[in-house]
>>> print(open('model-v6.txt').read())   # compact mmCIF, C-alpha atoms
# COMPACT_ATOMS: atom_id res chain seq x y z
CA MET S 290 -36.29 125.33 -185.24
CA GLN S 291 -33.05 126.02 -183.43
CA ILE S 292 -35.12 126.65 -180.28
CA LEU S 293 -35.78 122.90 -180.11
CA ARG S 294 -32.14 121.98 -180.42
CA TRP S 295 -31.16 123.77 -177.46
CA THR S 296 -31.68 123.71 -174.78
CA ALA S 297 -28.73 104.88 -155.08
CA ALA S 298 -29.20 105.61 -151.61
CA ALA S 299 -31.87 108.20 -152.06
CA MET S 300 -35.47 107.35 -151.23
CA VAL S 301 -38.56 108.35 -153.16
CA VAL S 302 -40.73 109.89 -150.50
CA THR S 303 -43.86 110.93 -152.39
CA VAL S 304 -45.43 110.80 -155.82
CA ALA S 305 -48.37 112.88 -156.98
CA ALA S 306 -50.05 111.84 -160.21
CA CYS S 307 -51.98 113.97 -162.67
CA GLY S 308 -51.91 116.93 -160.32
CA VAL S 309 -54.64 115.50 -158.09
CA GLY S 310 -53.69 115.38 -154.41
CA VAL S 311 -50.45 114.35 -152.70
CA GLU S 312 -49.59 111.46 -150.44
CA ALA S 313 -48.55 111.61 -146.81
CA GLY S 314 -45.32 113.52 -146.35
CA ASP S 315 -46.44 116.47 -148.46
CA GLY S 316 -44.37 119.59 -147.92
CA PRO S 317 -43.50 122.92 -149.52
CA ASP S 318 -41.01 121.38 -152.00
CA GLN S 319 -43.61 118.86 -153.16
CA ALA S 320 -46.37 121.46 -153.43
CA ALA S 321 -44.21 123.88 -155.40
CA LEU S 322 -43.02 121.13 -157.75
CA GLN S 323 -46.60 120.03 -158.36
CA ARG S 324 -47.71 123.59 -159.11
CA GLY S 325 -44.89 123.92 -161.60
CA ALA S 326 -45.72 120.66 -163.36
CA ASP S 327 -49.43 121.56 -163.52
CA ALA S 328 -48.60 124.98 -165.00
CA ILE S 329 -46.65 123.29 -167.81
CA ARG S 330 -49.54 120.87 -168.42
CA ASP S 331 -51.96 123.78 -168.59
CA LEU S 332 -50.05 125.19 -171.57
CA GLY S 333 -51.03 122.09 -173.56
CA VAL S 334 -48.14 119.75 -172.80
CA THR S 335 -49.60 116.24 -172.66
CA GLY S 336 -47.35 114.78 -169.98
CA VAL S 337 -44.91 116.17 -167.40
CA HIS S 338 -42.81 114.54 -164.75
CA ALA S 339 -40.31 116.26 -162.48
CA ARG S 340 -37.84 114.95 -159.92
CA LEU S 341 -36.17 117.07 -157.25
CA VAL S 342 -33.27 115.63 -155.25
CA THR S 343 -32.74 117.54 -152.02
CA GLU S 344 -29.63 118.23 -149.97
CA GLY S 345 -30.49 115.20 -147.85
CA GLY S 346 -30.70 112.90 -150.87
CA GLU S 347 -34.50 112.58 -150.84
CA HIS S 348 -36.24 112.25 -154.21
CA ILE S 349 -39.45 114.26 -154.54
CA VAL S 350 -41.33 113.28 -157.69
CA VAL S 351 -44.50 114.68 -159.26
CA THR S 352 -46.35 114.05 -162.49
CA SER S 353 -49.05 115.90 -164.37
CA GLY S 354 -51.07 115.15 -167.47
CA VAL S 355 -51.25 111.83 -169.30
CA THR S 356 -48.91 109.39 -170.98
CA ASP S 357 -50.76 109.62 -174.32
CA THR S 358 -53.79 111.32 -175.80
CA THR S 359 -55.90 108.19 -176.23
CA SER S 360 -55.65 106.08 -173.07
CA ASN S 361 -55.46 108.87 -170.44
CA GLU S 362 -52.97 106.80 -168.45
CA GLU S 363 -51.08 108.63 -165.74
CA VAL S 364 -47.48 109.60 -166.50
CA ASP S 365 -44.97 107.13 -165.11
CA PRO S 366 -42.51 109.00 -162.86
CA ASP S 367 -39.78 106.53 -163.85
CA GLY S 368 -40.43 106.79 -167.58
CA TYR S 369 -37.77 107.07 -170.29
CA PHE S 370 -37.56 110.02 -172.68
CA ARG S 371 -35.29 111.45 -175.36
CA ILE S 372 -32.98 113.93 -173.65
CA GLY S 373 -32.03 115.94 -176.74
CA SER S 374 -29.13 118.30 -176.16
CA ASP S 375 -28.67 117.09 -172.60
CA THR S 376 -26.53 114.59 -174.54
CA LYS S 377 -23.91 117.31 -175.02
CA PRO S 378 -22.67 117.36 -171.39
CA PHE S 379 -22.01 113.62 -171.65
CA VAL S 380 -19.90 114.21 -174.76
CA ALA S 381 -18.13 117.14 -173.11
CA THR S 382 -17.38 115.07 -170.00
CA VAL S 383 -15.71 112.37 -172.11
CA VAL S 384 -13.65 115.01 -173.93
CA LEU S 385 -12.61 116.70 -170.68
CA GLN S 386 -11.63 113.35 -169.17
CA LEU S 387 -9.41 112.76 -172.20
CA VAL S 388 -7.91 116.21 -171.66
CA GLY S 389 -7.18 115.27 -168.04
CA GLU S 390 -5.48 112.09 -169.26
CA GLY S 391 -3.27 114.05 -171.65
CA ALA S 392 -4.80 112.51 -174.79
CA LEU S 393 -5.58 115.96 -176.20
CA SER S 394 -5.58 119.62 -175.28
CA LEU S 395 -8.43 122.09 -175.28
CA ASP S 396 -6.25 124.25 -177.49
CA ASP S 397 -5.61 121.52 -180.07
CA ALA S 398 -6.72 122.49 -183.55
CA VAL S 399 -9.52 120.38 -184.98
CA GLU S 400 -7.32 119.74 -188.02
CA ARG S 401 -4.85 117.86 -185.81
CA HIS S 402 -7.43 115.21 -184.97
CA LEU S 403 -9.71 115.35 -188.03
CA PRO S 404 -7.45 116.29 -190.94
CA GLY S 405 -9.30 117.58 -193.99
CA VAL S 406 -12.76 117.48 -192.38
CA VAL S 407 -13.28 121.16 -191.54
CA THR S 408 -12.37 122.93 -194.74
CA GLY S 409 -13.79 124.87 -197.67
CA ASN S 410 -15.82 128.07 -198.01
CA GLY S 411 -13.65 129.81 -195.41
CA ASN S 412 -13.89 127.01 -192.84
CA ASP S 413 -10.46 126.28 -191.40
CA GLY S 414 -9.83 123.38 -189.04
CA ASN S 415 -6.45 124.89 -188.18
CA ALA S 416 -8.14 127.95 -186.65
CA ILE S 417 -10.82 126.10 -184.67
CA THR S 418 -9.89 124.44 -181.39
CA VAL S 419 -11.48 121.74 -179.25
CA ARG S 420 -12.43 124.50 -176.79
CA HIS S 421 -14.26 126.39 -179.54
CA LEU S 422 -16.32 123.28 -180.35
CA LEU S 423 -17.21 122.64 -176.71
CA GLN S 424 -18.17 126.27 -176.08
CA HIS S 425 -20.08 126.97 -179.33
CA THR S 426 -17.58 129.64 -180.33
CA SER S 427 -16.29 127.89 -183.47
CA GLY S 428 -18.38 129.90 -185.92
CA ILE S 429 -19.26 126.74 -187.85
CA HIS S 430 -22.66 127.12 -189.49
CA ASP S 431 -25.29 124.49 -188.65
CA ASP S 432 -27.11 122.86 -191.57
CA ASP S 433 -29.29 120.31 -189.82
CA PRO S 434 -32.62 120.10 -191.66
CA GLY S 435 -34.51 119.02 -188.54
CA HIS S 436 -38.25 118.34 -188.43
CA ASP S 437 -39.95 121.72 -188.67
CA THR S 438 -43.09 120.38 -190.38
CA PRO S 439 -44.80 116.97 -190.38
CA GLN S 440 -43.53 116.09 -193.87
CA PRO S 441 -39.79 115.85 -193.10
CA TYR S 442 -40.60 113.96 -189.90
CA LEU S 443 -42.63 111.40 -191.83
CA GLU S 444 -40.00 111.15 -194.57
CA ARG S 445 -36.88 110.97 -192.40
CA ARG S 446 -37.91 109.62 -189.01
CA PHE S 447 -36.32 106.22 -189.72
CA HIS S 448 -33.54 107.51 -191.98
CA PRO S 449 -31.63 110.37 -190.34
CA PHE S 450 -28.59 112.09 -191.74
CA PRO S 451 -25.30 110.44 -190.67
CA PRO S 452 -23.10 112.83 -188.64
CA GLU S 453 -20.46 112.92 -191.40
CA GLU S 454 -23.08 114.05 -193.89
CA LEU S 455 -24.29 116.81 -191.57
CA VAL S 456 -20.70 118.02 -191.11
CA ALA S 457 -20.22 118.00 -194.88
CA ARG S 458 -23.45 120.03 -195.28
CA ALA S 459 -22.11 122.58 -192.78
CA MET S 460 -18.92 122.94 -194.78
CA ARG S 461 -20.95 124.16 -197.78
CA HIS S 462 -21.55 127.40 -195.84
CA PRO S 463 -19.06 130.07 -194.85
CA PRO S 464 -18.50 130.44 -191.11
CA ASP S 465 -20.95 132.58 -189.17
CA PHE S 466 -17.99 134.40 -187.56
CA ALA S 467 -14.27 133.99 -186.96
CA PRO S 468 -13.48 131.35 -184.32
CA GLY S 469 -13.53 132.72 -180.80
CA THR S 470 -15.06 136.09 -181.68
CA ALA S 471 -18.74 135.35 -180.94
CA TRP S 472 -21.15 132.65 -179.72
CA ALA S 473 -23.74 130.65 -181.67
CA TYR S 474 -25.25 127.30 -180.77
CA SER S 475 -23.75 124.62 -183.00
CA ASN S 476 -24.86 121.00 -183.13
CA THR S 477 -22.21 120.46 -185.80
CA GLY S 478 -19.51 121.24 -183.26
CA TYR S 479 -20.64 118.34 -181.09
CA LEU S 480 -20.79 115.98 -184.06
CA LEU S 481 -17.13 116.87 -184.62
CA LEU S 482 -16.35 116.23 -180.94
CA GLY S 483 -17.89 112.78 -181.22
CA MET S 484 -15.70 112.11 -184.25
CA ILE S 485 -12.61 113.30 -182.36
CA VAL S 486 -13.35 110.96 -179.44
CA GLU S 487 -13.64 108.03 -181.82
CA ARG S 488 -10.41 108.98 -183.61
CA LEU S 489 -8.53 109.19 -180.30
CA THR S 490 -9.93 106.11 -178.57
CA GLY S 491 -10.85 103.80 -181.40
CA HIS S 492 -14.38 103.54 -179.97
CA PRO S 493 -17.59 105.44 -180.75
CA TRP S 494 -18.11 108.28 -178.28
CA TYR S 495 -21.18 106.60 -176.77
CA GLU S 496 -19.13 103.50 -175.89
CA GLU S 497 -16.64 105.75 -174.16
CA ALA S 498 -19.50 107.49 -172.33
CA ASP S 499 -20.82 104.12 -171.24
CA ALA S 500 -17.46 103.00 -169.88
CA ARG S 501 -16.50 106.34 -168.32
CA ILE S 502 -19.85 107.66 -167.05
CA LEU S 503 -22.80 105.30 -167.22
CA GLN S 504 -21.20 102.22 -165.72
CA PRO S 505 -19.28 103.94 -162.89
CA LEU S 506 -22.40 105.90 -161.86
CA GLU S 507 -24.71 102.91 -162.42
CA LEU S 508 -26.89 104.92 -164.79
CA GLU S 509 -28.71 101.83 -165.95
CA GLN S 510 -31.62 103.76 -167.49
CA THR S 511 -29.44 105.95 -169.70
CA VAL S 512 -29.12 104.30 -173.09
CA TRP S 513 -27.86 104.85 -176.60
CA PRO S 514 -30.77 103.96 -178.92
CA GLY S 515 -28.74 103.63 -182.11
CA ALA S 516 -30.99 102.80 -185.05
CA ASP S 517 -33.92 101.66 -182.89
CA PRO S 518 -36.78 104.18 -183.29
CA ARG S 519 -38.59 102.90 -180.19
CA LEU S 520 -38.19 104.02 -176.58
CA PRO S 521 -37.75 101.55 -173.72
CA GLU S 522 -40.77 100.91 -171.53
CA PRO S 523 -42.23 102.68 -169.69
CA HIS S 524 -42.42 105.97 -171.55
CA ALA S 525 -44.87 108.71 -172.35
CA ARG S 526 -45.54 109.20 -176.04
CA GLY S 527 -43.97 112.32 -177.54
CA TYR S 528 -45.98 114.96 -179.38
CA GLN S 529 -45.10 118.02 -181.42
CA ARG S 530 -47.10 121.02 -182.51
CA PHE S 531 -45.63 122.13 -185.83
CA ALA S 532 -47.89 125.12 -186.55
CA PRO S 533 -49.70 127.74 -184.44
CA GLU S 534 -53.05 126.32 -183.30
CA GLY S 535 -52.19 123.13 -185.21
CA PRO S 536 -52.74 119.60 -183.91
CA LEU S 537 -50.30 117.66 -181.80
CA TRP S 538 -48.53 115.05 -183.91
CA ASP S 539 -47.41 111.79 -182.33
CA VAL S 540 -43.66 111.76 -183.04
CA THR S 541 -42.61 109.10 -180.54
CA GLU S 542 -40.86 106.86 -183.06
CA LEU S 543 -37.69 108.44 -184.37
CA VAL S 544 -34.08 107.62 -185.22
CA GLU S 545 -31.97 110.67 -184.42
CA ALA S 546 -29.01 109.27 -182.52
CA ASN S 547 -25.89 111.40 -182.70
CA ALA S 548 -23.49 113.24 -180.41
CA ALA S 549 -25.53 116.44 -180.52
CA HIS S 550 -28.84 115.15 -179.20
CA GLY S 551 -29.17 111.37 -179.29
CA MET S 552 -29.40 109.79 -175.82
CA VAL S 553 -32.36 108.42 -173.85
CA SER S 554 -32.58 108.62 -170.05
CA THR S 555 -34.80 109.16 -166.98
CA THR S 556 -35.13 111.98 -164.47
CA ALA S 557 -33.42 109.86 -161.80
CA ASP S 558 -30.37 109.17 -163.98
CA LEU S 559 -30.03 112.76 -165.20
CA ASN S 560 -30.16 114.06 -161.65
CA ARG S 561 -27.40 111.67 -160.64
CA PHE S 562 -25.30 112.59 -163.67
CA TYR S 563 -25.42 116.35 -163.07
CA ARG S 564 -24.82 115.99 -159.34
CA SER S 565 -21.80 113.77 -160.01
CA LEU S 566 -20.48 116.22 -162.59
CA LEU S 567 -20.69 119.22 -160.28
CA ASP S 568 -19.42 117.51 -157.14
CA GLY S 569 -16.18 116.43 -158.82
CA THR S 570 -16.93 112.72 -159.17
CA LEU S 571 -16.55 112.73 -162.95
CA LEU S 572 -13.94 115.42 -163.56
CA GLY S 573 -10.78 116.57 -161.88
CA SER S 574 -10.82 120.05 -160.38
CA ALA S 575 -8.83 121.56 -163.26
CA GLN S 576 -11.18 120.18 -165.92
CA LEU S 577 -14.33 121.15 -163.98
CA ALA S 578 -12.95 124.67 -163.58
CA GLN S 579 -12.38 124.86 -167.36
CA ALA S 580 -15.93 123.64 -167.98
CA GLN S 581 -17.27 126.45 -165.80
CA GLN S 582 -15.42 129.25 -167.59
CA THR S 583 -18.34 130.80 -169.44
CA VAL S 584 -19.14 133.30 -172.15
CA PRO S 585 -22.50 135.03 -172.70
CA VAL S 586 -24.93 133.44 -175.16
CA ASN S 587 -26.05 135.38 -178.21
CA GLU S 588 -29.14 137.56 -178.46
CA GLU S 589 -31.30 134.83 -180.05
CA VAL S 590 -30.63 132.29 -177.30
CA GLU S 591 -30.85 134.98 -174.59
CA GLN S 592 -34.59 135.06 -175.34
CA VAL S 593 -34.82 131.41 -174.34
CA TRP S 594 -32.12 131.35 -171.64
CA PRO S 595 -32.29 134.82 -170.02
CA GLY S 596 -28.99 135.55 -168.31
CA GLY S 597 -27.54 132.37 -169.74
CA ARG S 598 -23.81 131.80 -170.08
CA TYR S 599 -22.12 128.80 -171.66
CA GLY S 600 -18.99 126.97 -170.61
CA LEU S 601 -17.67 123.68 -172.00
CA GLY S 602 -20.81 121.61 -172.40
CA LEU S 603 -22.40 123.29 -169.38
CA ARG S 604 -24.82 126.18 -169.20
CA ALA S 605 -25.15 128.56 -166.24
CA ARG S 606 -28.43 130.34 -165.47
CA PRO S 607 -29.18 132.82 -162.66
CA LEU S 608 -31.45 131.86 -159.77
CA SER S 609 -34.02 134.30 -158.39
CA CYS S 610 -32.74 133.60 -154.86
CA GLY S 611 -29.16 134.47 -155.83
CA GLY S 612 -26.29 132.71 -157.51
CA VAL S 613 -26.56 130.39 -160.49
CA TYR S 614 -27.34 126.81 -161.34
CA TRP S 615 -25.58 124.55 -163.81
CA GLY S 616 -26.95 122.14 -166.35
CA HIS S 617 -28.11 122.19 -169.93
CA SER S 618 -31.41 121.94 -171.77
CA GLY S 619 -32.68 119.31 -174.15
CA GLY S 620 -35.03 119.74 -177.07
CA VAL S 621 -35.65 117.04 -179.67
CA THR S 622 -38.69 116.17 -181.74
CA GLY S 623 -41.51 115.56 -179.26
CA TYR S 624 -39.58 115.86 -175.99
CA ILE S 625 -38.23 118.81 -173.98
CA THR S 626 -35.99 118.47 -170.91
CA GLU S 627 -34.98 121.20 -168.47
CA GLY S 628 -33.20 121.27 -165.14
CA GLY S 629 -29.90 121.60 -163.38
CA VAL S 630 -27.97 121.49 -160.15
CA THR S 631 -26.69 123.96 -157.60
CA PRO S 632 -22.93 124.71 -157.77
CA ASP S 633 -22.11 122.36 -154.89
CA GLY S 634 -24.02 119.49 -156.49
CA ALA S 635 -26.32 119.28 -153.45
CA ARG S 636 -29.75 120.13 -154.88
CA SER S 637 -30.89 119.20 -158.37
CA VAL S 638 -34.04 118.96 -160.44
CA ILE S 639 -34.99 117.55 -163.85
CA VAL S 640 -38.33 118.04 -165.60
CA SER S 641 -39.32 116.05 -168.68
CA MET S 642 -42.09 117.26 -170.98
CA SER S 643 -43.50 114.87 -173.58
CA SER S 644 -44.71 117.60 -175.93
CA ALA S 645 -42.81 120.24 -177.87
CA LEU S 646 -45.03 123.27 -178.44
CA ALA S 647 -42.97 124.41 -181.41
CA GLY S 648 -45.75 125.85 -183.51
CA SER S 649 -44.37 129.34 -182.92
CA ALA S 650 -41.44 130.96 -181.18
CA GLU S 651 -43.91 132.44 -178.70
CA SER S 652 -45.39 129.09 -177.66
CA ALA S 653 -41.91 127.50 -177.41
CA ILE S 654 -40.72 130.35 -175.19
CA HIS S 655 -43.82 130.10 -172.98
CA GLN S 656 -43.09 126.40 -172.47
CA GLN S 657 -39.48 127.20 -171.64
CA GLN S 658 -40.51 129.92 -169.18
CA ALA S 659 -42.88 127.58 -167.35
CA ALA S 660 -40.12 124.99 -167.06
CA ASP S 661 -37.71 127.68 -165.87
CA ARG S 662 -40.11 128.67 -163.09
CA LEU S 663 -40.37 125.07 -161.92
CA VAL S 664 -36.57 124.72 -161.89
CA ASP S 665 -36.04 128.02 -160.08
CA ASP S 666 -38.62 127.23 -157.40
CA ALA S 667 -37.17 123.74 -156.89
CA LEU S 668 -33.54 124.85 -156.61
CA CYS S 669 -34.28 127.88 -154.46
CA GLY S 670 -36.32 125.69 -152.13
CA GLY S 671 -38.35 128.51 -150.65
CA ARG S 672 -35.39 130.83 -150.13
CA GLN S 673 -36.17 134.51 -150.50
CA ARG S 674 -36.07 135.81 -154.07
CA GLU S 675 -33.65 138.66 -154.65
>>> encode(input="model-v6.txt", output="structure tokens")
Amino acid sequence: MQILRWTAAAMVVTVAACGVGVEAGDGPDQAALQRGADAIRDLGVTGVHARLVTEGGEHIVVTSGVTDTTSNEEVDPDGYFRIGSDTKPFVATVVLQLVGEGALSLDDAVERHLPGVVTGNGNDGNAITVRHLLQHTSGIHDDDPGHDTPQPYLERRFHPFPPEELVARAMRHPPDFAPGTAWAYSNTGYLLLGMIVERLTGHPWYEEADARILQPLELEQTVWPGADPRLPEPHARGYQRFAPEGPLWDVTELVEANAAHGMVSTTADLNRFYRSLLDGTLLGSAQLAQAQQTVPVNEEVEQVWPGGRYGLGLRARPLSCGGVYWGHSGGVTGYITEGGVTPDGARSVIVSMSSALAGSAESAIHQQQAADRLVDDALCGGRQRE
């Protein structure tokens, strides 16, 4: 389902586990975060953990549910998880840094950097720019088989499609629209961006991300899994509901590492990444301004991201207390991530859910809405709703 594809000095002051009680230092932020995590758990998500970083740099962390369905262990608030499409802002940051260095332009045609790759059936790499790829306005049709039922998961979990093969599959289809004339979420566009980074630098995009982002920010729990289907310890096991009222399948082990949705991280690292992106640590002012030039999402994605607009690897969503927040959303087999940061980079929140309730569009949207409420409450921080 395309729904799934979308979307140092601070001190941890309190941790509440499984939604039962809070430690000394409890306050309105903690209570609201716990309510939000418990509401997600009550939908049938096995494990939830959320981390809010306040204006003062305090980390407020809550958990709800269990780490797996057999042991009933509490969720580890420092656990690893697959971040899905929250990988895309890392890719976009590398590309925008290269733009700032003069290695390429946002208006460069894809054909200039990947000659002969985007062609056939009306696809034209001369008409599609780097900006189009970053903003999902290329019109390139996605043909990623995904794991919509248990059978393809069981058959392909250790043998995913290489990015080049997925791009070639996309080229078998005519474009969904002329470049720049509409918006449609495209994982293929980010596979192409990863290929462009490697062509320009001589290194895989994830090595560039490590050198340019992970090491400078000391994001030691953000990793590229490569062909290893396991997650680092500790982690909650990931589950997916493939059919309405169907069972939860354990889908923890998976090889799906590519530039569209391949990285593994923690709530602490993702908070630090988004704060550093929005406060100008990672990008110059010109590149950050380009990233925040948005277009509206299409009608299908509007159901999942109401009021959503998309820039260059960054999504903007409205807050009930006024203004917007910036971030992304990550959905991959068994794990859903949501969150973001205020425009000044001062207040951020990430919530990780170790179940994907993808049995129906309705259940997936309900899970998204519950996560949205948690994010909105955390970022508004008790401010009056408009």
>>> atom_distance(input="model-v6.txt", atom1="CA of His425 in chain S", atom2="CA of Phe370 in chain S")
25.2 Å
>>> atom_distance(input="model-v6.txt", atom1="CA of Asn415 in chain S", atom2="CA of Thr583 in chain S")
23.0 Å
>>> closest_atom_pairs(input="model-v6.txt", of="range 607-646 of chain S", to="range 315-338 of chain S", cutoff="12 Å", atoms="all atoms listed in the file", output="JSON lines")
{"residue": "S:Gly623", "atom": "CA", "partner": "S:Val334", "partner_atom": "CA", "distance": 10.2}
{"residue": "S:Tyr624", "atom": "CA", "partner": "S:Gly336", "partner_atom": "CA", "distance": 9.9}
{"residue": "S:Ile625", "atom": "CA", "partner": "S:Val337", "partner_atom": "CA", "distance": 9.7}
{"residue": "S:Thr626", "atom": "CA", "partner": "S:Val337", "partner_atom": "CA", "distance": 9.9}
{"residue": "S:Glu627", "atom": "CA", "partner": "S:His338", "partner_atom": "CA", "distance": 10.9}
{"residue": "S:Gly628", "atom": "CA", "partner": "S:His338", "partner_atom": "CA", "distance": 11.7}
{"residue": "S:Arg636", "atom": "CA", "partner": "S:Asp318", "partner_atom": "CA", "distance": 11.7}
{"residue": "S:Val638", "atom": "CA", "partner": "S:Leu322", "partner_atom": "CA", "distance": 9.6}
{"residue": "S:Ile639", "atom": "CA", "partner": "S:His338", "partner_atom": "CA", "distance": 8.4}
{"residue": "S:Val640", "atom": "CA", "partner": "S:His338", "partner_atom": "CA", "distance": 5.7}
{"residue": "S:Ser641", "atom": "CA", "partner": "S:His338", "partner_atom": "CA", "distance": 5.5}
{"residue": "S:Met642", "atom": "CA", "partner": "S:Val337", "partner_atom": "CA", "distance": 4.7}
{"residue": "S:Ser643", "atom": "CA", "partner": "S:Gly336", "partner_atom": "CA", "distance": 5.3}
{"residue": "S:Ser644", "atom": "CA", "partner": "S:Val334", "partner_atom": "CA", "distance": 5.1}
{"residue": "S:Ala645", "atom": "CA", "partner": "S:Val334", "partner_atom": "CA", "distance": 7.4}
{"residue": "S:Leu646", "atom": "CA", "partner": "S:Val334", "partner_atom": "CA", "distance": 7.3}
>>> closest_residue(input="model-v6.txt", among="S:Asp633, S:Glu400, S:Asp499, S:Glu651", to="Gly569 in chain S", atoms="all atoms listed in the file")
S:Asp633
>>> closest_residue(input="model-v6.txt", among="S:Ile429, S:Val512, S:Ala525, S:Leu506", to="Thr358 in chain S", atoms="all atoms listed in the file")
S:Ala525
>>> residues_around(input="model-v6.txt", residues="range 394-396 of chain S", least_positions_apart="5", cutoff="6 Å", atoms="only C-alpha atoms", output="NGL selection string")
:S and (388 or 418-420)
>>> residues_around(input="model-v6.txt", residues="Arg598 in chain S", least_positions_apart="4", cutoff="8 Å", atoms="only C-alpha atoms", output="number ranges by chain")
S: 583-586, 604-606
>>> residues_around(input="model-v6.txt", residues="Leu422 in chain S", least_positions_apart="4", cutoff="10 Å", atoms="all atoms listed in the file", output="MDAnalysis selection string")
chainID S and resid 381 395 399 417:418 426:429 468:469 474:482 601:602
>>> closest_residue(input="model-v6.txt", among="S:Ile502, S:Ala471, S:Ala532, S:Ile372", to="Val553 in chain S", atoms="all atoms listed in the file")
S:Ile372
>>> closest_residue(input="model-v6.txt", among="S:Arg526, S:Arg371, S:Arg340, S:Arg445", to="Gly354 in chain S", atoms="only C-alpha atoms")
S:Arg526
>>> decode(input="model-v6.txt", residues="range 499-510 of chain S", atoms="N, CA, C and O atoms", output="tab-separated table (two decimals), in the first residue's frame")
chain	number	residue	atom	x	y	z
S	499	ASP	N	26.58	9.42	6.11
S	499	ASP	CA	27.34	9.16	7.33
S	499	ASP	C	28.39	10.25	7.57
S	499	ASP	O	28.51	10.78	8.67
S	500	ALA	N	29.12	10.59	6.51
S	500	ALA	CA	30.19	11.59	6.64
S	500	ALA	C	29.65	12.99	6.86
S	500	ALA	O	30.24	13.79	7.59
S	501	ARG	N	28.52	13.31	6.23
S	501	ARG	CA	28.01	14.68	6.23
S	501	ARG	C	27.00	14.96	7.35
S	501	ARG	O	26.83	16.12	7.74
S	502	ILE	N	26.32	13.90	7.83
S	502	ILE	CA	25.24	14.11	8.80
S	502	ILE	C	25.48	13.33	10.08
S	502	ILE	O	25.52	13.89	11.17
S	503	LEU	N	25.63	12.02	9.96
S	503	LEU	CA	25.66	11.18	11.15
S	503	LEU	C	26.88	11.45	12.02
S	503	LEU	O	26.76	11.60	13.25
S	504	GLN	N	28.05	11.53	11.40
S	504	GLN	CA	29.24	11.76	12.21
S	504	GLN	C	29.28	13.17	12.81
S	504	GLN	O	29.54	13.31	14.02
S	505	PRO	N	29.03	14.22	12.02
S	505	PRO	CA	29.06	15.56	12.64
S	505	PRO	C	28.05	15.74	13.77
S	505	PRO	O	28.33	16.43	14.75
S	506	LEU	N	26.87	15.12	13.65
S	506	LEU	CA	25.85	15.26	14.70
S	506	LEU	C	25.96	14.19	15.78
S	506	LEU	O	25.17	14.19	16.72
S	507	GLU	N	26.93	13.28	15.62
S	507	GLU	CA	27.11	12.17	16.56
S	507	GLU	C	25.83	11.34	16.69
S	507	GLU	O	25.40	10.98	17.79
S	508	LEU	N	25.24	11.03	15.55
S	508	LEU	CA	24.04	10.18	15.52
S	508	LEU	C	24.50	8.72	15.48
S	508	LEU	O	24.44	8.04	14.46
S	509	GLU	N	24.95	8.25	16.62
S	509	GLU	CA	25.59	6.94	16.68
S	509	GLU	C	24.59	5.79	16.62
S	509	GLU	O	24.98	4.64	16.41
S	510	GLN	N	23.31	6.08	16.81
S	510	GLN	CA	22.29	5.03	16.73
S	510	GLN	C	21.51	5.08	15.41
S	510	GLN	O	20.47	4.44	15.29
